[in-house]
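The block underneath contains the structure these notes are about, expressed in structure tokens.
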Amino acid sequence: MTAILTPSPVANTLSSQPPAIRADALTRVVPLGDRQLTILEAVSLNVAAGETLAIVGASGSGKTTLLGLLAGLDRPNSGSVAWHGEAVSSLTEDALAKRRQGAIGFVFQSFQLLPALTALENVMLPLELAGARDAEKRAADWLTRVGLGERVDHLPKQLSGGEQQRVAIARAFVADPKIVFADEPTGNLDTDTGAEIVELMFSLNREQGTTLVLVTHDPELAARCGHVVRLARGKVVS
Amino acid sequence: MNLVLRFVRRELRSTEARILVLALAVAVASVGAVAMFADRVKGAFANQANVLLGADAMISGDRPLPETFAQTAAAMGLKVTESSRFGSMISAAAKDAASATARQSVLADVKAVAAPYPLRGTLEARDARGERVPLVAQVKPGEVFVDERLASRLGVKAGDVLEVGKNTPRIAQVFAEEPEVAGNFLSAAPKVLMSSADVAASELLGPGSRATYRLQVAGERAQEFAAAIKPKLGPGQRLETIRELRPEVRSTLERSEQFLGLAASFAVFLAVVAIVLALRRYLKRELDTATLFRTLGAGQRQTLMHFVGQFFVLALIACVLGVLLAFAAQAALAWAVRGLFASALPAAGWLPLAKAFATGLVLLLGFAIPPLVALAATPPVRALRRDMPTVGSGGVLAAVLGAVAVLAVVLMQSQDWQTGAIFVGGLVALVGVATLLAALLLWCIRRLVRSGRMARLGGPQSWAYGLANLDRRRLSTALQIACLGLGVMTLITVGFVRTDLFSAWQKSLPPDAPNRFLINIQQDQIETIQSLVPKTANGKPVAVYPMVRGRLVAVNGKTVTAKDFPDERAKRLVDREFNLSASASLPPANKIIAGDYYGANDRGVMSIEEGIATTLNLKLEDRVTFDVAGEQVEVRITSLRKVDWDSFRVNFFALIPEATLAPLPKSYITAFHLPERDTQTLASVVNAAPNVLAIDVSEMMARVRSIVDQVARALEFVFAFTLLAGLLTLYTAVIATQDERRYDTALIRTLGGTRSQIRSSLIAEFTTLGGAAGLLGVAGSVVLTWALASRILKIDFIASPVVWVVGFALATGLTLLAGWLGTRSVLTTPPIQVLREG
């Protein structure tokens, strides 16, 4: 089944530009013992630049797989993904990594902070990998923006879950990415902290003009997004 | 590179990185400390053995040696003395015309020396009570020192005057022994020491005189000097070392070095275990970093380069730390054994440290690079799916590269392919056996747990749970059993080498080994001599062997001279006369290694010692011609013998049948043990048979025995050190899976598991692990010790069930203890804390 998202008013005004993300007939099949299991089947969608999209669905419906394919972390068995008009699913592994560098930000359910690195060093990492010279200053600025200006030297284990996710958000935005992908960003947080994180993420998204794609179980969070894709058994149902 | 360095700094905050660096540093430290200490001890042994040479190194030549040799030695800051050695007839100066016709002349071994002499050791005189005392005086011009034998043969004493060529020097001292006992002692004549300043006036050394000119040196850089001079030696010039001169000393030194080298190799073994374990834990953690790197846009190549760089820097840090530790540890070892050695240990060389440093780098990178390649290929999608299979170990490549790294390191330590092959083969076999054993064990556990037989057998459910845990962590369990087994194997083998193998060696030099040789016995004196000297332990007269002196002149009909052999030792053998003997049966301390020993009816055949056969390039069925007093004797080699020189018995390089020997001019030789205080026996032998020459090898034996004793003491320290490193490694092996265990245990506690249930489940796990490792370690050590005893040290393998049982019990007990110490905190820490830490 195919789902073409209705372009938003913002997207309309920029309709001459290619969508930030375009997915065509994405199919992902994995071997399971001696048979093949289809996790995603012919999923197509467009996300215009600056849009927010929530991918929702029951456990095992293929949400995270779709996110991985859209973010270029995984490869489809068939179909293609393009970012801002450039087909990325056909690129080599290293070329794809290069495209992600600085252009794509990630926020994970389990934060994925490196335990031996301080908050500041964790935020510096994408800039350092891209060879930026002012990594430390930019990272420190971002930590201040997410409200952790006083805790730059703290190790992840010295921070609460909400604080860790703030660090992760700072890391996602620090390289001025065009697209941010978030996988269950509030999944490991309590309701109040989750709400704060959502607030922070959306406000940064607005300020930076990034495209935000997130996977969530939380209907409230999904409702805040401009568009929602609902998956069931690997197919788009609405 | 900056990012790598920044990351290393950051990484060092983590426990895993610190443990890896520490494990590697300890490995480097133990390898370096043991090798460095062994090197110093070996240096000390060589120095002590060189006392038998009277110097640290000696060059000799048939003509006066070029002055550049002495200048080179002096430039290296060595003590130098030049001397010449020749044979001369010596007599007491005539007091009047009547005594001039009656006086006796004796062929003496004359050494013309210049102060200081000797460079190593001292001359010894006898005090009024007959005890040996050091004699520190130097020979002055116009004087001579004579040995007791010459004094007794000529009937002279200190103060008398001798005729030495045209000179008439006064006897200043009568000495009992001089330190230089090396050389062909069977031809030793009474000794005279004169001042080299008197040589010209004596007119003893004219053109064409047969003399040996010698340059002796002593000092720290003596070996360096020897190495520098060796390529510059001209025809007729030789570098003499104690190893080349005396087979007994050579074999003792080599054996000591082997023991010390083994200790160093064991340290490498333990290092491998420690590194593999620490690496595994660290790599597991680095998987998250690699995933994040890939997600954030680092390519596979960039990721790989980063990790390789990071490992390299970590390895450098660990190696530097390890080398510093090694230096401190060997200094501590040297301090601990300071009382054992007569003189201070020679300074440590840097080579062992450089080797230890290289060991660390080679081992870490050898084991780390294949998994790092796998790590760099981590798919970025793992950031979303934590349940993806974890990093590969690098598969066959990792195993091969690891084995190559170990081989390289062992070769670097022992420089011996055979030792390297035994170690690496042992390692590979052990890993294979460990995997099989672990698989078998896990299969049994699975059957036991699933069938519910455990409960029926009365075993508590928690035991079943503990065993199921081992089954669940199959890979970890197999690796742990292998590593623990390896550690246990090393420790048992170390204990075994330390005690059994070592005492087997010590036994080969019994306290009643012969210390006196009698040579030049004539056939009609045999019975008299046998009646005068002490009988053997079983009451029989001492064995007397015939001895024929012959020069090797042809091999397979082709004339040979010293020039035909490039090897120095071979040249010397061809230059000198061989001592041929006969023995109806294979003498004790001899072993046939090729061919058959000749029988009663064989004629014209020969059994030859394998070492000399190799040196002279002789093999079975070669025809060898000797010139015996102008008569040519041809014999065919029908057997090769291995001679245990450590036994200090009468041994011959060449044995031929009695019938072949019978028509040749010969004398007889015997050897026996004479208690040190017995001065009567030799006096009566000399009275009854004045032509017989008695040679005292007790000094040389005392030196060899003292080396053996010192090796024993030094080894105790080295092995204690290795043991400590081994225990640390075992502890690391046991706590390797501690994190998982802590998490599982916390989870069980939240689900209502009681402490006693958890305790019992942990006991089940660790007892099974320890038992399996103990079994494997004992089996491995039996094979390893057998291989070491029979292949490398050439000592009889002695089975010692007590060591095995104790080893097994200790392995099980210590694993349980270490496991318990490592995990018990989980019983007292609130589960929520453990779960939150993940």
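Chains: A, B, ... in order of the structure tokens. Residues: from 1 per chain. Ligands: from 1, in order shown.
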
For chain A against chain B, which residues fall within 6 Å using only C-alpha atoms, given as a PDB file with N, CA and C atoms, in the first residue's frame?
```pdb
ATOM      1  N   LEU A  73      20.229   4.224   7.811  1.00  0.00           N
ATOM      2  CA  LEU A  73      21.007   3.350   8.693  1.00  0.00           C
ATOM      3  C   LEU A  73      20.920   1.905   8.207  1.00  0.00           C
ATOM      4  N   ASP A  74      19.902   1.629   7.408  1.00  0.00           N
ATOM      5  CA  ASP A  74      19.683   0.271   6.920  1.00  0.00           C
ATOM      6  C   ASP A  74      19.311   0.394   5.436  1.00  0.00           C
ATOM      7  N   ASP A  94      30.051   3.904   2.693  1.00  0.00           N
ATOM      8  CA  ASP A  94      30.842   5.043   3.150  1.00  0.00           C
ATOM      9  C   ASP A  94      30.312   6.375   2.622  1.00  0.00           C
ATOM     10  N   ALA A  97      27.436   7.237   4.709  1.00  0.00           N
ATOM     11  CA  ALA A  97      27.874   7.743   6.008  1.00  0.00           C
ATOM     12  C   ALA A  97      28.271   9.211   5.886  1.00  0.00           C
ATOM     13  N   LYS A  98      28.959   9.527   4.795  1.00  0.00           N
ATOM     14  CA  LYS A  98      29.422  10.896   4.564  1.00  0.00           C
ATOM     15  C   LYS A  98      28.219  11.844   4.464  1.00  0.00           C
ATOM     16  N   ARG A 100      25.356  11.440   5.851  1.00  0.00           N
ATOM     17  CA  ARG A 100      24.728  11.591   7.169  1.00  0.00           C
ATOM     18  C   ARG A 100      25.477  12.615   8.014  1.00  0.00           C
ATOM     19  N   GLN A 101      26.824  12.649   7.775  1.00  0.00           N
ATOM     20  CA  GLN A 101      27.673  13.493   8.603  1.00  0.00           C
ATOM     21  C   GLN A 101      27.189  14.939   8.587  1.00  0.00           C
ATOM     22  N   ALA A 116      31.889   6.875  28.852  1.00  0.00           N
ATOM     23  CA  ALA A 116      33.173   7.408  29.333  1.00  0.00           C
ATOM     24  C   ALA A 116      33.342   8.876  28.962  1.00  0.00           C
ATOM     25  N   LEU A 117      32.417   9.398  28.156  1.00  0.00           N
ATOM     26  CA  LEU A 117      32.541  10.792  27.709  1.00  0.00           C
ATOM     27  C   LEU A 117      31.645  11.694  28.546  1.00  0.00           C
ATOM     28  N   PRO A 126      29.693  14.547  17.012  1.00  0.00           N
ATOM     29  CA  PRO A 126      29.397  14.670  15.567  1.00  0.00           C
ATOM     30  C   PRO A 126      30.270  15.731  14.901  1.00  0.00           C
TER      31      PRO A 126
END
```

Find the residues near region 754-759 of chain B: any atom within 7 Å, counting only C-alpha atoms, skip ones fewer than 3 places away on the same chain, and give them as a VMD selection string. chain B and resid 462 745 749 762 to 763 827

Write out as number ranges by chain the residues lying within 12 Å of Leu532 (chain B), counting only C-alpha atoms and excluding same-chain residues fewer than 6 positions away. B: 518, 525-526, 541-542, 672, 674, 680-689

Pull the closest atom pair for each residue of region 75-148 of chain A that gets at most 12 Å from region 35-53 of chain A, along with the distance in Å to one decimal, counting only C-alpha atoms, ordering rows by chain and then ascending residue number, as a tab-separated table.
```
residue	atom	partner	partner_atom	distance
A:Arg75	CA	A:Leu40	CA	11.8
A:Pro76	CA	A:Leu40	CA	8.9
A:Asn77	CA	A:Leu40	CA	9.6
A:Ser78	CA	A:Ala42	CA	8.2
A:Gly79	CA	A:Ala42	CA	7.3
A:Ser80	CA	A:Ser44	CA	9.0
A:Val81	CA	A:Ser44	CA	9.1
A:Ala82	CA	A:Asn46	CA	9.4
A:Trp83	CA	A:Val47	CA	9.5
A:His84	CA	A:Ala49	CA	8.0
A:Gly85	CA	A:Asn46	CA	10.8
```

Would you kindly return, as a ChimeraX atom specification, each protein, DNA or RNA residue with an atom no farther than 8 Å from any atom of region 212-223 of chain A, considering only C-alpha atoms and excluding same-chain residues fewer than 5 positions away? /A:50-58,63-64,67,179-185,187,198,205,228

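Near region 777-782 of chain B, within 9 Å and counting only C-alpha atoms, sit B:Gly426, B:Ala429, B:Leu430, B:Ala482, B:Leu484, B:Gly485, B:Leu486, B:Gly487, B:Val488, B:Met489, B:Thr490, B:Leu491, B:Ile492, B:Thr493, B:Phe496, B:Ala799, B:Val803, B:Trp804, B:Val805, B:Gly807, B:Phe808, B:Ala811, not including residues fewer than 6 positions from it in the same chain.
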
Those selected residues, please, written with C-alpha atoms and delivered as a PDB file, in the first residue's frame.
```pdb
ATOM      1  CA  GLY B 426      49.884 -26.367  22.965  1.00  0.00           C
ATOM      2  CA  ALA B 429      45.372 -27.729  20.992  1.00  0.00           C
ATOM      3  CA  LEU B 430      44.224 -26.409  24.320  1.00  0.00           C
ATOM      4  CA  ALA B 482      39.715 -22.260  28.030  1.00  0.00           C
ATOM      5  CA  LEU B 484      41.067 -20.612  33.203  1.00  0.00           C
ATOM      6  CA  GLY B 485      42.350 -23.961  31.950  1.00  0.00           C
ATOM      7  CA  LEU B 486      45.279 -22.252  30.296  1.00  0.00           C
ATOM      8  CA  GLY B 487      46.098 -20.377  33.474  1.00  0.00           C
ATOM      9  CA  VAL B 488      45.802 -23.521  35.584  1.00  0.00           C
ATOM     10  CA  MET B 489      47.934 -25.439  33.094  1.00  0.00           C
ATOM     11  CA  THR B 490      50.634 -22.788  33.241  1.00  0.00           C
ATOM     12  CA  LEU B 491      50.641 -22.672  37.010  1.00  0.00           C
ATOM     13  CA  ILE B 492      50.773 -26.454  37.425  1.00  0.00           C
ATOM     14  CA  THR B 493      53.529 -26.663  34.828  1.00  0.00           C
ATOM     15  CA  PHE B 496      56.213 -28.953  38.157  1.00  0.00           C
ATOM     16  CA  ALA B 799      54.469 -38.527  36.602  1.00  0.00           C
ATOM     17  CA  VAL B 803      50.613 -32.344  41.776  1.00  0.00           C
ATOM     18  CA  TRP B 804      47.661 -33.174  39.506  1.00  0.00           C
ATOM     19  CA  VAL B 805      45.211 -33.764  42.332  1.00  0.00           C
ATOM     20  CA  GLY B 807      46.243 -28.668  40.967  1.00  0.00           C
ATOM     21  CA  PHE B 808      42.698 -29.766  40.237  1.00  0.00           C
ATOM     22  CA  ALA B 811      41.799 -24.711  40.460  1.00  0.00           C
TER      23      ALA B 811
END
```
